[in-house]
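Participant: One structure is given below, represented as structure tokens, and several questions about it will come after.
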Amino acid sequence: MVLIVPFVMQLLVSVGLVGYLSYRSGQDAVQNLSERLMTEVVDRVNLYIQQNLQTALQVNKMNLEVVRSEELDLKNIAEIKRFLWKRIKQFETVNSVILGLPDGTFQVIHRIKLKGSQQYPDGTYIQYAYNDPKNTERLIVTWVDKQGNSGEEVFSIDKFPVQERPWYQAAVRDRTFGWTKAFQLGKLPVLGVSSYAPFFDRQGELQGIFAVNVDLTFLQDFLKSLNICTGCRIALIDQDGWMLASSVDEKPFILPQQKEYDAGGNYYGTFERLKPNQSSDDVIAFATNYWQTLTSEKKLQEQLQFGLNQEQYWLRILPLQSSSSEIPNPEWKIAIIVPQSEFMAEINANTRITIALCILALVIATTLGIITARWITQPILKLNQAAKSMSQGEWNQKTIVESDRRDEVGELAQSFNRMANELQVSFETLEQRVEERTVELTESNQQLEVAKQKAEVANQAKSTFIANMSHELRTPLNAILGFSQIMMRSQNLSKEDKENTTIINKSGNYLLTLINNILDLSKIEAGKMTLNGNTFDFYSFLNELEDLLHLTAENKGLTLIFDHQDDVPQYIYTDETKLRQVLINLINNGIKFTSEGGVSVTVVTQKESPSNLSLKNEDSPLNLSLENEDSPLNLSLENEESPLNPPLERGESRGKAFERGENKATIIFEVRDTGAGIAEEEMSKLFEAFAQTETGKNSQEGTGLGLPISRKFVNLMGGDITVKSQVGIGTTFRFHIEVEIVNETEIETKEIQRHVIALQPNQPRYKILIVDDRPTNRLLLIKLLQPLGFELKEATNGKEGVEIWEKWQPHLIWMDMRMPVMDGYEATQKIKGTTKGNATAVIALTASVLEEQKAIILSAGCDDFVRKPFREATIFETMKKHLGVEYIYQEEIPSQTSTELSSLTVEDLQIMPTEWLEKVYYAAKALDDDMMEELIEQIPAEQSLLAEKLTVLVNEFQFKTIRQLIESL
């Protein structure tokens, strides 16, 4: 009993504690599960509503775009009717598309569902309604056939002024996009909601209002289709507390008595809206009344609880979230009710099973304890017997001793036990050590495997990041840069509009540069960056850089000097684009952080000493005493351990030169400035991504990516970059790359880009199909190609594109690769998988920047590959390459550039009043180009040269130059 009682008590306490904790854990799990379920359901409902409402917003945006582009004549009733009919045919989920004008003109295309006829077997009819020209308040309704032609009058309404329509009044009041409250559609027990979008002329006068009606029947069908649980309910409530839809089988109206219907089963009155507390479902009605009795503080709780008919329910009410900050969704609420029994029934059953199992385990454990205790005592008895026999000298026989002989046997048993314990401990310790070592080795192998998997996942994540960021960022830039190029070619723009368009294009290109920097860094870290070598004239390359950056240095009053030794090869093979980016980054940094003196760029070959380069101009302010042995600038760049020469990270490759030929050379570049310098403690983070020195932070310019990307590019080109600097004296960056020396005959000639204005005569009428899910991308290509006389069609996804191709047989297809329903890969494979598909050129349009993505796209069957954002010349040359199209080009007339103007000086600004200069300084410090343009307009006509110089600096974002000139006054 001494052994059994403690054993049984421990089991009893352990089993009871496990059972209790299991029950509490089950309750907590159910609570968490219900919260997650309700959150996921609300999110799903919210997403579904947003997706359906976004269609109406998209239709209005497309309609406004057509008006802004002046493609729709608002005075042509027939053209408007045709436009509205095409729009409603394009979007099946839209109930009505409406256009109302301030003069009372009112047109609407409406889709209704009736019993099918021979002409409309699916039961979908289109009605066209318009106001009587003689009486604008009289509405006439006619049928529309499948060709968009209206028939005879069906009926008319005498008093129907458009100015009294809710969507018209709301649009006039808000003067922007918005939603009306839910309303009854016609005479049917169906709710609808309108999205309105007013548009105005340049003077701000109302031109008209587009509206789109959405049938909310889809909400009821969707909520009923959600199979959450048996007793779960979902309800959608509008801002006035009326029922919009619910998961139970009832309409959001109080239906009239049967006797109020006519003989044909129709009711022509107005249906009364249904309140949630009037629902035929007792749970929804009770939950509504319970919600109304709560205080404001309790209503803020995420999850509420109430009881009905001996059943407990969880209640959660959340507002409909908006997918756009510019156009909020209607102020609706989503309510979800979940019965606790759906979850607790199984938990209670499991609890009962757990209790039964615990009792059974306790009985079995007690029985085993008794048996074990007896089993343990038997060896002790035998030990006593053996010990007594051994004490008597009977070593080889077993002696059975009576149980009452317990005097000396106890001591002998202790001796035996002590020896047995020591041996057992020794063996157990050895086994434990072997087992622990085995476990450690197993865990070590597992950790190595996990680390390997994490590295592979991280690499894949970076690749996914590059692909997604490329598409999501470069796609909208495609529209910005594309449409700005089109506008810059327009002959109808004013000078101011052309300047604004130029600024938009420059800003877009600057944004594209920033995005490319970030994506370049991501591609480098993911191991996706490769070199794209080409042959070029190195001397012309340096001259172009000097011309490009000369004005920037001159505007700051700095000297920019380029110097290269005579034996530097003129014609080389390397990655010209990456080398240009490295030099521009380093030189721009030197100019940015230098206020006096200048920047020098020295280029030598490997045989020249890289440690004591000096400029030829001894009198130049750039020729500081770098040879002074006591100067901290004269540090050996070959000292890998110097804090001013941060080494490459361990394991990082220094790159590999091109394996193109044997005639190789090493070129060394040195960029030296007389700027602010870099503190020694900041050297360690100089080449870290997104890290900036104190001088860089004070300038409030840059992203901290230039130097990290430059160093990675130099590593790829087979070299490395080093730096030495002293605060207040200057900084010197030096790097070297490996190149191949080539002959002049191998230089690639660059074709001059010219504007295409028309097609050469006597050519086929080429049919072009544009397949893209984004309307702006399709519209951009249409505006580029349509003026030239191409026959165009468009599709919103791959499936629609394949269907149009089969019927229309276009000569060329511009194919976007990422689309819903069917992407460009599958669509291209379907087209190219047929014999006639080989006659159609398929050109991929994608925002991806990954080189391997190009190989995947071409392997899918595409004939060529164009990246977004693209230039118009790329589009035309690609079509010429695959179709043989011949163009007529516009003769380019060189315009006056900023380099032809003399630089802005302090003397130019001194002629202006002090108050005006203070405003200009404030605008330059705030980077406010709008305010700067207003101040430039205040310059007198006789000082037009000053206005022109300031305009050039503003357009090139040289606000810092303006600020520094005013500070020196």
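As shown in the structure tokens, the chain order sets the letters A, B, ...; within each chain, residues go from 1, and ligands are also counted from 1 in the order they appear.
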Neighbours of Met932 in chain A within 8 Å (only C-alpha atoms; same-chain residues fewer than 5 positions away dropped), as a PyMOL selection string?

Facilitator: chain A and resi 920+923-924+954

Participant: Residues of range 55-304 of chain A in helix (DSSP H, G or I) according to DSSP, as JSON, numbers by chain?

Facilitator: {"A": [55, 56, 57, 58, 59, 60, 61, 62, 63, 64, 65, 66, 67, 68, 77, 78, 79, 80, 81, 82, 83, 84, 85, 86, 87, 88, 89, 90, 162, 163, 164, 166, 167, 168, 169, 170, 171, 172, 173, 174, 217, 218, 219, 220, 221, 222, 223, 224, 225, 258, 259, 260, 276, 277, 278, 282, 283, 284, 285, 286, 287, 288, 289, 290, 291, 292, 293, 296, 297, 298, 299]}

Participant: Between A:Ser25, A:Gln763, A:Thr731, A:Thr230, single out the one closest to Glu670 in chain A, counting only C-alpha atoms.

Facilitator: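 Among the listed residues, the smallest separation from Glu670 in chain A belongs to A:Thr731.
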
Participant: Would you please give, as an MDAnalysis selection string, all residues of range 99-292 of chain A that DSSP assigns to strand (DSSP E) based on the backbone?

Facilitator: chainID A and resid 99:100 106:113 124:132 135:144 150:157 178:179 183:184 191:200 206:215 233:237 243:246 253:254 272:273

Participant: Nearest to Leu551 in chain A: which of A:Phe669, A:Ile591, A:Pro940, A:Glu948 is it, counting only C-alpha atoms?

Facilitator: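 Nearest to Leu551 in chain A: A:Ile591.
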
Participant: In terms of the shortest atom-to-atom distance over only C-alpha atoms, which of A:Phe687, A:Ala349, A:Val604, A:Asn492 is closest to Thr666 in chain A?

Facilitator: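 For Thr666 in chain A, the nearest of the given residues is A:Val604.
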
Participant: Using only C-alpha atoms, which residue out of A:Val450, A:Ile317, A:Ala287, A:Ile561 lies closest to Leu236 in chain A?

Facilitator: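 So, comparing all the options, the nearest one is A:Ile317.
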
Participant: From the list A:Leu17, A:Leu883, A:Leu784, A:Ile678, which residue is nearest Cys358 in chain A when using only C-alpha atoms?

Facilitator: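 Once distances to Cys358 in chain A are computed over only C-alpha atoms, the minimum belongs to A:Leu17.
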
Participant: Figure out the distance between CA of Phe222 in chain A and CA of Ser247 in chain A, please, to one decimal in Å.

Facilitator: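 CA of Phe222 in chain A lies 8.1 Å from CA of Ser247 in chain A.
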
Participant: With a distance cut-off of 7 Å and only C-alpha atoms, select the neighbouring residues of range 224-228 of chain A, excluding the residue or stretch itself and same-chain residues fewer than 4 positions from it, and output the selection as a PDB file with N, CA, C and O atoms, in the first residue's frame.

Facilitator:
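This went into around.pdb:
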ATOM      1  N   GLN A 220     -28.560  38.980 -52.297  1.00  0.00           N
ATOM      2  CA  GLN A 220     -29.385  37.937 -51.689  1.00  0.00           C
ATOM      3  C   GLN A 220     -28.919  36.555 -52.144  1.00  0.00           C
ATOM      4  O   GLN A 220     -28.797  35.627 -51.342  1.00  0.00           O
ATOM      5  N   CYS A 232     -26.310  29.499 -38.907  1.00  0.00           N
ATOM      6  CA  CYS A 232     -25.694  30.817 -39.088  1.00  0.00           C
ATOM      7  C   CYS A 232     -26.577  31.699 -39.969  1.00  0.00           C
ATOM      8  O   CYS A 232     -27.209  31.235 -40.918  1.00  0.00           O
ATOM      9  N   SER A 247     -29.310  35.978 -45.562  1.00  0.00           N
ATOM     10  CA  SER A 247     -29.096  34.593 -45.974  1.00  0.00           C
ATOM     11  C   SER A 247     -30.351  33.742 -45.862  1.00  0.00           C
ATOM     12  O   SER A 247     -30.342  32.588 -46.291  1.00  0.00           O
ATOM     13  N   VAL A 248     -31.411  34.286 -45.289  1.00  0.00           N
ATOM     14  CA  VAL A 248     -32.673  33.547 -45.229  1.00  0.00           C
ATOM     15  C   VAL A 248     -33.482  33.837 -46.488  1.00  0.00           C
ATOM     16  O   VAL A 248     -33.240  34.826 -47.193  1.00  0.00           O
TER      17      VAL A 248
END

Participant: So, counting only C-alpha atoms, which residue among A:Gly789, A:Gly16, A:Gly186, A:Gly801 is closest to Leu362 in chain A?

Facilitator: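 Comparing A:Gly789, A:Gly16, A:Gly186, A:Gly801 against Leu362 in chain A, the winner is A:Gly16.
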
Participant: Do you know which residues are at most 8 Å from Leu531 in chain A counting only C-alpha atoms, after dropping those on the same chain fewer than 2 positions away, and could you put them as a list of chain:residue names?

Facilitator: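 My reading of the contact set: A:Met529, A:Gly533, A:Asp575, A:Leu716, A:Met717.
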
Participant: Take the residues from that selection and put them in a file with C-alpha atoms, as a PDB file, in the first residue's frame.

Facilitator:
ATOM      1  CA  MET A 529      21.039  40.505 -62.182  1.00  0.00           C
ATOM      2  CA  GLY A 533      27.322  43.661 -72.919  1.00  0.00           C
ATOM      3  CA  ASP A 575      27.710  46.734 -70.161  1.00  0.00           C
ATOM      4  CA  LEU A 716      29.426  42.241 -61.817  1.00  0.00           C
ATOM      5  CA  MET A 717      31.801  43.921 -64.267  1.00  0.00           C
TER       6      MET A 717
END

Participant: Please measure the separation of CA of Glu872 in chain A and CA of Glu70 in chain A, giving the value in Å to one decimal.

Facilitator: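 CA of Glu872 in chain A sits 22.4 Å away from CA of Glu70 in chain A.
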
Participant: Work out how far apart CA of Gly598 in chain A and CA of Gly730 in chain A are and give it in Å to one decimal.

Facilitator: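 CA of Gly598 in chain A sits 9.9 Å away from CA of Gly730 in chain A.
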
Participant: Report as a list in words all protein, DNA and RNA residues lying within 9 Å of Val821 in chain A, evaluated on only C-alpha atoms, omitting residues in the same chain fewer than 3 positions from it.

Facilitator: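 Result of the neighbour search: Asn797, Gly798 and Lys799 of chain A.
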
Participant: Those residues you just picked out, can you put them in a file as a PDB file, in the first residue's frame with N, CA, C and O atoms?

Facilitator:
ATOM      1  N   ASN A 797      -9.530  39.955 -71.807  1.00  0.00           N
ATOM      2  CA  ASN A 797      -8.824  38.811 -71.232  1.00  0.00           C
ATOM      3  C   ASN A 797      -8.450  37.842 -72.355  1.00  0.00           C
ATOM      4  O   ASN A 797      -8.866  38.014 -73.516  1.00  0.00           O
ATOM      5  N   GLY A 798      -7.667  36.807 -72.004  1.00  0.00           N
ATOM      6  CA  GLY A 798      -7.185  35.880 -73.009  1.00  0.00           C
ATOM      7  C   GLY A 798      -8.288  35.102 -73.697  1.00  0.00           C
ATOM      8  O   GLY A 798      -8.229  34.838 -74.898  1.00  0.00           O
ATOM      9  N   LYS A 799      -9.330  34.717 -72.943  1.00  0.00           N
ATOM     10  CA  LYS A 799     -10.426  33.944 -73.535  1.00  0.00           C
ATOM     11  C   LYS A 799     -11.139  34.768 -74.600  1.00  0.00           C
ATOM     12  O   LYS A 799     -11.408  34.273 -75.717  1.00  0.00           O
TER      13      LYS A 799
END
